[in-house]
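Listing of target-v3.cif, mmCIF, C-alpha atoms and all ligand atoms
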```cif
data_final
loop_
_atom_site.label_atom_id
_atom_site.label_comp_id
_atom_site.auth_asym_id
_atom_site.auth_seq_id
_atom_site.Cartn_x
_atom_site.Cartn_y
_atom_site.Cartn_z
CA MET N 291 119.27 70.31 98.66
CA PRO N 292 115.88 71.16 100.10
CA ASP N 293 114.89 68.70 102.79
CA GLY N 294 111.18 69.43 102.39
CA ARG N 295 110.62 70.30 106.04
CA HIS N 296 108.43 73.12 107.28
CA VAL N 297 108.22 73.94 110.98
CA PRO N 298 104.60 74.94 111.66
CA VAL N 299 104.24 78.34 113.32
CA LEU N 300 101.99 79.04 116.34
CA LEU N 301 100.83 75.43 116.31
CA GLU N 302 99.31 75.16 119.80
CA GLU N 303 97.96 78.70 119.61
CA ALA N 304 96.23 77.91 116.30
CA MET N 305 94.65 74.78 117.80
CA ALA N 306 93.35 76.77 120.77
CA ALA N 307 92.07 79.41 118.33
CA LEU N 308 90.08 76.82 116.37
CA ALA N 309 88.54 75.47 119.62
CA ILE N 310 88.13 72.14 117.86
CA LYS N 311 84.86 70.26 118.35
CA VAL N 312 85.54 66.52 118.18
CA ASN N 313 83.01 65.86 115.49
CA GLY N 314 83.31 69.17 113.72
CA THR N 315 84.22 69.95 110.12
CA TYR N 316 87.39 71.99 109.64
CA VAL N 317 89.36 73.49 106.79
CA ASP N 318 93.12 73.91 106.60
CA ALA N 319 93.24 76.34 103.69
CA THR N 320 97.06 76.35 103.50
CA PHE N 321 98.18 72.71 103.91
CA GLY N 322 101.89 73.26 103.11
CA ARG N 323 103.49 70.17 104.61
CA GLY N 324 100.54 69.51 106.89
CA GLY N 325 101.92 70.58 110.26
CA HIS N 326 98.63 72.14 111.31
CA SER N 327 96.51 69.51 109.54
CA HIS N 328 98.16 66.68 111.51
CA LYS N 329 97.38 68.44 114.79
CA ILE N 330 93.77 69.06 113.78
CA LEU N 331 93.37 65.37 112.89
CA GLU N 332 94.82 64.40 116.29
CA ARG N 333 92.08 66.40 117.98
CA LEU N 334 89.19 65.29 115.82
CA GLY N 335 87.01 62.33 116.74
CA PRO N 336 85.87 59.55 114.38
CA ARG N 337 83.08 61.65 112.89
CA GLY N 338 85.18 64.78 112.48
CA ARG N 339 86.25 65.97 109.02
CA LEU N 340 89.19 67.93 107.70
CA VAL N 341 89.29 69.45 104.23
CA ALA N 342 92.78 70.67 103.35
CA LEU N 343 93.82 72.67 100.35
CA ASP N 344 96.90 74.21 98.84
CA ARG N 345 97.64 75.47 95.35
CA ASP N 346 101.13 73.96 95.28
CA PRO N 347 101.51 70.55 93.55
CA ALA N 348 104.31 69.70 96.02
CA ALA N 349 101.86 70.15 98.92
CA GLN N 350 99.48 67.84 97.12
CA ALA N 351 102.19 65.19 96.93
CA ALA N 352 102.82 65.54 100.69
CA ALA N 353 99.09 65.27 101.45
CA ALA N 354 98.86 62.01 99.49
CA ALA N 355 100.78 60.33 102.35
CA ILE N 356 97.91 60.96 104.77
CA ARG N 357 95.62 57.99 104.73
CA ASP N 358 92.71 58.92 106.91
CA GLN N 359 89.03 58.66 106.06
CA ARG N 360 88.32 61.90 107.85
CA PHE N 361 90.74 63.79 105.59
CA VAL N 362 90.46 65.07 102.06
CA PHE N 363 92.97 67.22 100.14
CA ARG N 364 92.14 69.34 97.11
CA ARG N 365 94.64 71.33 95.10
CA ALA N 366 93.03 74.73 94.71
CA TRP N 367 93.36 78.42 95.48
CA PHE N 368 91.80 79.23 98.82
CA SER N 369 89.39 81.79 97.37
CA GLU N 370 87.76 78.78 95.66
CA LEU N 371 86.80 77.22 98.99
CA PRO N 372 83.01 77.65 98.62
CA GLU N 373 83.03 75.66 95.34
CA LEU N 374 85.17 72.95 96.97
CA LEU N 375 82.82 72.67 99.92
CA ASP N 376 79.88 72.42 97.53
CA ALA N 377 81.64 69.61 95.67
CA GLU N 378 82.20 67.78 98.98
CA GLY N 379 78.55 68.26 99.97
CA ILE N 380 79.58 70.39 102.95
CA GLY N 381 77.35 73.30 103.93
CA THR N 382 78.96 75.10 106.83
CA ILE N 383 82.26 74.55 108.62
CA ASP N 384 83.27 74.84 112.28
CA GLY N 385 86.60 76.45 111.66
CA VAL N 386 89.14 77.45 109.07
CA LEU N 387 92.85 78.14 109.34
CA LEU N 388 94.83 80.32 106.94
CA ASP N 389 98.59 80.20 107.54
CA LEU N 390 99.62 82.73 104.94
CA GLY N 391 102.66 83.17 102.73
CA VAL N 392 105.17 80.69 101.41
CA SER N 393 106.39 77.50 103.04
CA SER N 394 110.03 76.71 103.83
CA PRO N 395 110.23 73.96 101.16
CA GLN N 396 109.07 76.48 98.55
CA ILE N 397 111.70 79.02 99.57
CA ASP N 398 114.47 76.46 100.04
CA ASP N 399 114.12 74.82 96.63
CA PRO N 400 116.04 76.93 94.06
CA ALA N 401 114.03 75.30 91.26
CA ARG N 402 110.89 77.17 92.47
CA GLY N 403 112.51 80.54 91.92
CA PHE N 404 111.73 82.11 95.33
CA ALA N 405 115.30 81.83 96.60
CA LEU N 406 117.49 84.88 96.75
CA ARG N 407 120.74 83.27 97.67
CA ALA N 408 120.66 80.19 95.46
CA ASP N 409 120.41 80.66 91.71
CA GLY N 410 117.42 79.14 89.93
CA PRO N 411 114.80 79.85 87.27
CA LEU N 412 112.86 83.03 88.08
CA ASP N 413 109.43 81.47 88.55
CA MET N 414 108.03 82.25 92.05
CA ARG N 415 104.60 80.74 91.43
CA MET N 416 103.12 78.69 94.26
CA ASP N 417 100.96 77.14 91.55
CA PRO N 418 103.19 76.74 88.49
CA THR N 419 100.23 75.54 86.45
CA ARG N 420 98.49 78.94 86.37
CA GLY N 421 99.37 82.48 85.42
CA GLN N 422 102.69 84.07 84.52
CA SER N 423 106.05 83.30 86.10
CA ALA N 424 108.04 86.24 87.50
CA ALA N 425 110.36 86.02 84.46
CA GLU N 426 107.41 86.20 82.03
CA TRP N 427 105.92 89.15 83.86
CA LEU N 428 109.25 91.01 84.00
CA ALA N 429 109.68 90.55 80.25
CA SER N 430 106.67 92.70 79.38
CA VAL N 431 105.71 94.88 82.37
CA THR N 432 105.96 98.65 81.99
CA GLU N 433 108.54 100.49 84.07
CA ARG N 434 105.76 102.37 85.84
CA GLU N 435 103.82 99.27 86.87
CA LEU N 436 107.04 97.60 87.97
CA ARG N 437 107.94 100.58 90.14
CA GLU N 438 104.47 100.56 91.71
CA VAL N 439 104.59 96.85 92.49
CA ILE N 440 108.08 97.09 94.01
CA ALA N 441 107.08 100.15 96.04
CA ASP N 442 103.68 98.84 97.20
CA TYR N 443 104.41 95.17 97.82
CA GLY N 444 108.10 95.49 98.70
CA GLU N 445 107.78 98.76 100.61
CA GLU N 446 111.08 99.51 98.87
CA ARG N 447 112.20 103.13 98.78
CA PHE N 448 114.53 102.52 95.83
CA ALA N 449 111.67 101.19 93.68
CA GLN N 450 112.25 103.82 91.01
CA GLN N 451 115.96 103.01 90.56
CA ILE N 452 115.32 99.26 90.64
CA ALA N 453 112.51 99.41 88.06
CA ARG N 454 114.67 101.53 85.75
CA ALA N 455 117.61 99.12 86.09
CA ILE N 456 115.45 96.07 85.37
CA VAL N 457 113.96 97.64 82.25
CA ALA N 458 117.44 98.66 81.04
CA ALA N 459 118.87 95.20 81.73
CA ARG N 460 116.10 93.29 79.93
CA ALA N 461 116.84 95.26 76.75
CA HIS N 462 120.18 93.41 76.61
CA GLU N 463 119.07 89.95 77.66
CA PRO N 464 115.95 88.38 79.18
CA ILE N 465 115.95 88.17 83.00
CA GLN N 466 115.34 84.51 83.64
CA ARG N 467 117.36 83.59 86.74
CA THR N 468 117.01 84.61 90.38
CA GLY N 469 120.75 85.30 90.57
CA GLN N 470 120.53 87.61 87.58
CA LEU N 471 117.70 89.64 89.16
CA ALA N 472 119.44 89.80 92.55
CA ALA N 473 122.59 91.16 90.87
CA ILE N 474 120.66 93.80 88.88
CA VAL N 475 118.90 95.01 92.06
CA ALA N 476 122.11 95.04 94.11
CA LYS N 477 123.83 97.11 91.43
CA ALA N 478 120.89 99.52 91.13
CA ILE N 479 120.83 100.23 94.84
CA GLY N 480 124.58 100.23 95.30
CA THR N 481 125.65 100.93 98.86
CA ARG N 482 123.05 103.68 99.33
CA GLY N 483 121.27 103.95 102.66
CA ARG N 484 120.65 100.26 103.45
CA ARG N 485 119.18 100.39 106.93
CA ASP N 486 119.54 96.70 107.60
CA ARG N 487 122.89 95.58 106.23
CA SER N 488 122.25 91.93 107.07
CA GLN N 489 119.37 91.96 104.59
CA ASP N 490 120.12 91.18 100.95
CA PRO N 491 119.51 94.30 98.82
CA ALA N 492 117.03 92.36 96.68
CA THR N 493 114.91 91.02 99.59
CA ARG N 494 112.16 93.61 99.20
CA THR N 495 112.06 93.32 95.41
CA PHE N 496 111.75 89.54 95.65
CA GLN N 497 108.93 89.88 98.19
CA ALA N 498 107.11 92.32 95.91
CA LEU N 499 107.38 90.08 92.85
CA ARG N 500 106.27 87.06 94.83
CA ILE N 501 103.19 88.85 96.17
CA HIS N 502 102.31 90.15 92.73
CA VAL N 503 102.88 86.93 90.77
CA ASN N 504 100.79 84.95 93.25
CA GLN N 505 98.11 87.65 93.61
CA GLU N 506 98.52 87.11 97.32
CA LEU N 507 96.63 90.14 98.60
CA THR N 508 93.68 89.85 96.21
CA GLU N 509 93.44 86.15 97.04
CA LEU N 510 93.41 86.96 100.75
CA SER N 511 90.67 89.61 100.57
CA LEU N 512 88.53 87.51 98.25
CA ALA N 513 88.96 84.41 100.41
CA LEU N 514 87.97 86.21 103.63
CA GLU N 515 84.78 87.57 102.03
CA ARG N 516 83.89 84.20 100.53
CA ILE N 517 84.70 82.06 103.57
CA LEU N 518 82.70 84.08 106.11
CA PRO N 519 79.24 82.97 104.87
CA ARG N 520 80.35 79.32 105.17
CA LEU N 521 81.26 79.55 108.87
CA ALA N 522 78.70 77.90 111.16
CA ILE N 523 77.49 79.90 114.14
CA GLY N 524 80.25 79.52 116.73
CA GLY N 525 82.70 78.60 113.94
CA ARG N 526 86.22 79.99 114.20
CA LEU N 527 88.35 81.88 111.71
CA ALA N 528 92.09 81.77 112.51
CA ILE N 529 94.61 83.62 110.35
CA ILE N 530 98.39 83.66 110.69
CA SER N 531 100.12 86.48 108.81
CA PHE N 532 103.82 87.22 108.41
CA HIS N 533 104.04 90.87 107.47
CA SER N 534 102.02 94.04 107.76
CA LEU N 535 100.84 93.90 104.13
CA GLU N 536 98.99 90.69 105.02
CA ASP N 537 98.04 91.59 108.57
CA ARG N 538 96.47 94.95 107.67
CA PRO N 539 93.67 93.61 105.41
CA VAL N 540 93.02 90.79 107.90
CA LYS N 541 92.70 93.25 110.78
CA GLN N 542 90.47 95.55 108.73
CA PHE N 543 88.26 92.68 107.59
CA LEU N 544 87.80 91.37 111.12
CA ARG N 545 87.11 94.82 112.56
CA ARG N 546 84.62 95.64 109.84
CA HIS N 547 82.63 92.47 110.50
CA ALA N 548 82.89 92.68 114.26
CA GLN N 549 81.34 96.14 114.54
CA ALA N 550 77.70 97.06 114.07
CA TYR N 551 77.21 98.52 110.58
CA GLY N 552 80.80 97.66 109.72
CA GLY N 553 82.04 100.41 112.01
CA ASP N 554 80.00 103.20 110.36
CA ALA N 555 79.69 105.45 113.43
CA ARG N 556 76.85 107.56 111.99
CA LEU N 557 74.63 104.57 111.21
CA ALA N 558 75.51 102.99 114.54
CA ARG N 559 74.52 106.17 116.45
CA LEU N 560 71.22 106.29 114.61
CA ALA N 561 70.61 102.63 115.38
CA ILE N 562 71.41 103.08 119.06
CA ALA N 563 68.96 105.97 119.19
CA THR N 564 66.23 103.79 117.68
CA ARG N 565 67.35 100.65 119.59
CA THR N 566 67.89 98.67 116.39
CA LEU N 567 71.63 98.00 116.66
CA PRO N 568 72.22 94.69 114.81
CA VAL N 569 74.57 91.99 116.04
CA PRO N 570 77.70 91.98 113.85
CA PRO N 571 78.49 88.63 112.18
CA LEU N 572 81.88 88.18 113.84
CA LYS N 573 83.15 88.44 117.40
CA LEU N 574 86.88 89.06 117.88
CA ILE N 575 88.57 86.52 120.14
CA GLY N 576 91.36 88.29 122.01
CA ARG N 577 94.06 90.42 120.43
CA ALA N 578 96.68 89.43 117.87
CA ILE N 579 98.84 86.59 119.24
CA SER N 580 102.61 86.50 118.67
CA PRO N 581 104.79 83.42 119.15
CA ALA N 582 106.34 82.83 122.57
CA ASP N 583 110.04 83.73 122.99
CA ALA N 584 111.04 80.07 122.82
CA GLU N 585 109.34 79.58 119.46
CA MET N 586 110.92 82.73 118.05
CA ALA N 587 114.35 81.57 119.22
CA ALA N 588 113.88 78.10 117.73
CA ASN N 589 112.27 79.20 114.46
CA PRO N 590 113.38 82.60 113.10
CA ARG N 591 110.62 82.42 110.46
CA SER N 592 108.05 82.76 113.26
CA ARG N 593 109.38 86.11 114.49
CA SER N 594 107.06 88.29 112.45
CA ALA N 595 104.00 86.02 112.79
CA HIS N 596 100.64 87.20 114.13
CA LEU N 597 97.59 85.08 114.73
CA ARG N 598 94.18 86.75 114.65
CA VAL N 599 91.02 84.91 115.66
CA ALA N 600 87.31 85.58 115.32
CA GLU N 601 84.09 83.63 115.90
CA ARG N 602 80.93 83.66 113.80
CA THR N 603 77.97 84.97 115.74
CA GLU N 604 74.24 84.74 115.06
CA GLY N 605 74.43 88.17 113.42
CA ALA N 606 73.10 88.32 109.90
CA LEU N 607 75.44 88.81 106.96
CA ALA N 608 72.93 90.44 104.67
CA GLY N 609 73.68 94.04 103.91
CA TRP N 610 77.11 93.86 105.50
C1 LIG I 1 103.07 79.02 105.44
S1 LIG I 1 102.70 77.71 104.39
C2 LIG I 1 101.62 76.70 105.35
C3 LIG I 1 102.34 75.70 106.19
C4 LIG I 1 101.43 74.71 106.88
N1 LIG I 1 100.55 75.33 107.84
C5 LIG I 1 102.27 73.65 107.55
O1 LIG I 1 102.24 73.56 108.79
O2 LIG I 1 102.95 72.89 106.87
C6 LIG I 1 101.57 78.43 103.28
C7 LIG I 1 101.02 77.49 102.22
O3 LIG I 1 99.86 78.09 101.68
C8 LIG I 1 99.82 77.90 100.29
N2 LIG I 1 99.07 79.02 99.74
C9 LIG I 1 99.38 80.32 99.81
N3 LIG I 1 98.44 81.06 99.22
C10 LIG I 1 97.49 80.19 98.78
C11 LIG I 1 96.24 80.35 98.10
N4 LIG I 1 95.80 81.54 97.73
N5 LIG I 1 95.52 79.24 97.84
C12 LIG I 1 95.97 78.02 98.21
N6 LIG I 1 97.14 77.81 98.85
C13 LIG I 1 97.89 78.88 99.12
C14 LIG I 1 101.27 77.88 99.86
O4 LIG I 1 101.42 77.14 98.68
C15 LIG I 1 101.96 77.23 101.06
O5 LIG I 1 102.09 75.85 100.87
#
```

Could the structure of this file be written out as structure tokens, please?
Amino acid sequence: MPDGRHVPVLLEEAMAALAIKVNGTYVDATFGRGGHSHKILERLGPRGRLVALDRDPAAQAAAAAIRDQRFVFRRAWFSELPELLDAEGIGTIDGVLLDLGVSSPQIDDPARGFALRADGPLDMRMDPTRGQSAAEWLASVTERELREVIADYGEERFAQQIARAIVAARAHEPIQRTGQLAAIVAKAIGTRGRRDRSQDPATRTFQALRIHVNQELTELSLALERILPRLAIGGRLAIISFHSLEDRPVKQFLRRHAQAYGGDARLARLAIATRTLPVPPLKLIGRAISPADAEMAANPRSRSAHLRVAERTEGALAGW
């Protein structure tokens, strides 16, 4: 049985990254079970505010237990943050935290369909009220698109064989259970060249489907672009990612907005020559932060985590 717990990752580091102002307005864009939100509330003074969001109805239920006038929870996708802030009458914010990916309660509950080792319905949606479940998508996707998704989002070198096996299997019966999918993938790969034998053969396929079904990477890119204009000068952006597919767009986004002319060397050279180099809208705060050894030992989920931090400057956004 899932116990509904989620151990927050890089908790102290994320608080330091947000550099919380006692009476500031903050956003926890990935509430989960509220580990980071609770800490933010501890550091906020009586006039501080925390807006938390999550697209998972189970997170909403957990947030309902927080009775605090400074706190408001909205169930939404984080790319919708500007509309939520408008609805709350909030202009700019002093900091936002994105702790990406799935939470432990989501993975641990077989009924959500993320679990590899426990059989359940093949759903995988963080927000089961929108879009297609993994089972629905698998029922109609072309072999080619399936191969691309498994290769791109799972970084799986047997994507071709797996896609072919799934398409062949669904011709006999619909693929509706996680156990069914895991067995099809294991059979398709066989014992061929598994580098990490402790990893289930279907791990990469499950990751790929999860990222696709939840539009995780599009959501991330869209959210970063849409959140930046709402950061107050001096406001902090703190992002925790768990694999390179997430970390890469974050790193690129931050670099692009922390360099004059988005890093376009030719424009920057011209500007230096004419002394018109503009201030970029973001300033990077340190390098990527990994958890301390003790945290990694205590919480295996934290091992691949990276925290990246940036601060909004006075630099204009227009034309960026
Ligand atoms: C790693 S967990 C966050 C855990 C949280 N920091 C805590 O300490 O409990 C990620 C959460 O973000 C949510 N999430 C992921 N992508 C989202 C999106 N695009 N919009 C809203 N919520 C999202 C998931 O539903 C999940 O609950």

Practice task
Can you tell me which residues come within 6 Å of ligand LIG 1 (chain I) when counting all atoms listed in the file, ideally as a list in words?
Solution key: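 Using all atoms listed in the file, everything at most 6 Å from ligand LIG 1 (chain I) comes to His296, Pro298, Thr320, Phe321, Gly322, Arg323, Gly324, Gly325, His326, Asp344, Arg345, Asp346, Ala366, Trp367, Phe368, Asp389, Leu390, Gly391, Val392, Ser393, Met416 and Glu509 of chain N.
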
Store the residues of this selection in a file with C-alpha atoms, as a short mmCIF file (atom, residue, chain, number, x, y, z; two decimals), keeping the file's coordinate frame.
```
data_model
loop_
_atom_site.label_atom_id
_atom_site.label_comp_id
_atom_site.auth_asym_id
_atom_site.auth_seq_id
_atom_site.Cartn_x
_atom_site.Cartn_y
_atom_site.Cartn_z
CA HIS N 296 108.43 73.12 107.28
CA PRO N 298 104.60 74.94 111.66
CA THR N 320 97.06 76.35 103.50
CA PHE N 321 98.18 72.71 103.91
CA GLY N 322 101.89 73.26 103.11
CA ARG N 323 103.49 70.17 104.61
CA GLY N 324 100.54 69.51 106.89
CA GLY N 325 101.92 70.58 110.26
CA HIS N 326 98.63 72.14 111.31
CA ASP N 344 96.90 74.21 98.84
CA ARG N 345 97.64 75.47 95.35
CA ASP N 346 101.13 73.96 95.28
CA ALA N 366 93.03 74.73 94.71
CA TRP N 367 93.36 78.42 95.48
CA PHE N 368 91.80 79.23 98.82
CA ASP N 389 98.59 80.20 107.54
CA LEU N 390 99.62 82.73 104.94
CA GLY N 391 102.66 83.17 102.73
CA VAL N 392 105.17 80.69 101.41
CA SER N 393 106.39 77.50 103.04
CA MET N 416 103.12 78.69 94.26
CA GLU N 509 93.44 86.15 97.04
#
```

Practice task
Identify, on the basis of only C-alpha atoms, every residue whose closest approach to stretch 464-478 of chain N does not exceed 6 Å; exclude the query and any residue fewer than 2 positions from it along the same chain; express the result as a ChimeraX atom specification.
Solution key: /N:409-412,425,452,460,480,491-492

Any chance you could export the current selection's C-alpha atoms as a JSON list (two decimals), in the frame of the given file?
```
[["chain", "number", "residue", "atom", "x", "y", "z"],
["N", 409, "ASP", "CA", 120.41, 80.66, 91.71],
["N", 410, "GLY", "CA", 117.42, 79.14, 89.93],
["N", 411, "PRO", "CA", 114.80, 79.85, 87.27],
["N", 412, "LEU", "CA", 112.86, 83.03, 88.08],
["N", 425, "ALA", "CA", 110.36, 86.02, 84.46],
["N", 452, "ILE", "CA", 115.32, 99.26, 90.64],
["N", 460, "ARG", "CA", 116.10, 93.29, 79.93],
["N", 480, "GLY", "CA", 124.58, 100.23, 95.30],
["N", 491, "PRO", "CA", 119.51, 94.30, 98.82],
["N", 492, "ALA", "CA", 117.03, 92.36, 96.68]]
```

Handout entry: Distance criterion (only C-alpha atoms): nearest to N:Ala424 out of N:Pro347, N:Gly403, N:Gly444, N:Gly381
Key =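 Of N:Pro347, N:Gly403, N:Gly444, N:Gly381, the one nearest N:Ala424 is N:Gly403, counting only C-alpha atoms.
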
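Atom CA of N:Ala401 is found 24.2 Å from atom CA of N:Phe363.
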
Completion exercise
Counting all atoms listed in the file, closest pick from N:Ser488, N:Thr495, N:Thr432, N:Ser327 relative to N:Asp358 is N:Ser327

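Residue nearest N:Arg577, chosen from N:Leu518, N:Ala307, N:Leu331, N:Leu375 and counting all atoms listed in the file: N:Ala307.
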
Problem - Which residue of N:Arg454, N:Arg337, N:His462, N:Arg420 approaches N:Ile479 most closely, using all atoms listed in the file - result: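 Result for the nearest residue to N:Ile479: N:Arg454.
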
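With distances restricted to all atoms listed in the file, N:Arg357 is the closest residue to N:His328 from N:Arg437, N:Arg538, N:His502, N:Arg357.
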
Handout entry: Which residue of N:Ala513, N:Ile310, N:Val503, N:Leu387 approaches N:Trp427 most closely, using only C-alpha atoms
Key =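 Looking only at the distances to N:Trp427, the closest residue turns out to be N:Val503.
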